[in-house]
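Trainee: Pasting in a structure now, in structure tokens, and then I'll have a few things to ask.
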Amino acid sequence: MKTKYPLESCAEFLKVALNRTAQEFENPMEEEDAPKLNENFSNFFCINNLPVVNEEKKDKLLTVIVKLLSKKEITIEKDQIEMPFDGDKSVGVAFVEVESEARARLAANAINGFALDKKHTLAACQFDEFEKIKEVPDELVMPKAADLIDLKSAFTDLKRD
């Protein structure tokens with residue numbers, strides 16, 4: 001049996017009909033009573049290269065971090081440290097919240113490069129440093145020869161010795 005409409009026109013008809021009757025999606029965050037989310041993470045810093053531990057040893061590692069920061073005159077509580085888990089093991093990262101951006105910068109600098117043991121040297125940074133790190137190109141771009149000559153121009157300037 002032959003149909004009145006070819007298959008392409010049937011698909012187009014359904015597409016137009018569905019688009020006509022589809023409800024419009026409204027972003028709930030644009031509503032007047034929408035909650036305001038904090039997008040400023042300046043008072044947080046991240047500690048990388050922590051030992052991977054299970055849930056039983058998490059409390060002991062948190063105690064070590066709190067004591068380490070207290071030696072650097074930064075007081076925090078265990079509940080200010082968030083350590084994500086992948087299944088039953090941690091991922092070797094901790095996110096720490098402190099009271100101000102200055103304290104976060106101070107704490108990140110104080111704990112950065114600390115040798116926890118022979119295998120784990122801690123690396124810490126603030127969240128705003130992630131943007132700077134992401135902007136670094138993957139491949140090294142060598143400077144032009146003219147740029148290198150310009151660097152030496154002060155040495156070849158005979159007027160100023």
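Chain labels run A, B, ... following the order of the structure tokens; each chain numbers its residues from 1, and ligands are numbered from 1 in the order shown.
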Extract the full set of alpha helix (DSSP H) residues from stretch 40-152 of chain A according to DSSP on the backbone, and format it as an MDAnalysis selection string.
Mentor: chainID A and resid 55:71 101:111 128:134 145:152
Trainee: As JSON, numbers by chain, please: the residues near A:Ile76 (cut-off 9 Å, only C-alpha atoms, same-chain neighbours under 2 positions excluded).
Mentor: {"A": [66, 69, 70, 74, 78, 79, 80, 81, 96, 97, 98]}
Trainee: Please produce a file of the residues just selected, as a PDB file, in the first residue's frame, where the atoms kept are C-alpha atoms.
Mentor:
ATOM      1  CA  VAL A  66      45.229  19.351  61.729  1.00  0.00           C
ATOM      2  CA  LEU A  69      48.617  23.098  60.274  1.00  0.00           C
ATOM      3  CA  SER A  70      48.552  23.901  64.007  1.00  0.00           C
ATOM      4  CA  ILE A  74      46.754  27.764  61.537  1.00  0.00           C
ATOM      5  CA  LYS A  78      38.506  18.083  61.301  1.00  0.00           C
ATOM      6  CA  ASP A  79      35.052  19.012  60.007  1.00  0.00           C
ATOM      7  CA  GLN A  80      36.623  21.813  57.930  1.00  0.00           C
ATOM      8  CA  ILE A  81      38.484  19.214  55.847  1.00  0.00           C
ATOM      9  CA  VAL A  96      40.263  22.651  53.495  1.00  0.00           C
ATOM     10  CA  GLU A  97      38.118  25.644  54.446  1.00  0.00           C
ATOM     11  CA  VAL A  98      39.582  28.429  56.578  1.00  0.00           C
TER      12      VAL A  98
END
Trainee: For the structure I just gave you, how does DSSP split chain A - specifically, which residues are strand (DSSP E)? Reply as a PyMOL selection string.
Mentor: chain A and resi 44-48+81-82+85-86+89-90+94-97+123-126
Trainee: Between atom CA of A:Lys57 and atom CA of A:Glu101, what is the distance in Å, rounded to a tenth?
Mentor: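 Separation of atom CA of A:Lys57 and atom CA of A:Glu101: 29.6 Å.
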Trainee: So which residues touch stretch 104-113 of chain A within 10 Å, counting only C-alpha atoms, skipping near sequence neighbours fewer than 5 positions away, as a ChimeraX atom specification?
Mentor: /A:41-48,65,68-75,96-99,120-127
Trainee: Any idea what the distance is between atom CA of A:Gly92 and atom CA of A:Pro51?
Mentor: 5.5 Å
Trainee: Smallest atom-to-atom distance to A:Phe114: which of A:Leu140, A:Val93, A:Asn49, A:Asp128, using only C-alpha atoms?
Mentor: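 Among the listed residues, A:Asn49 lies closest to A:Phe114.
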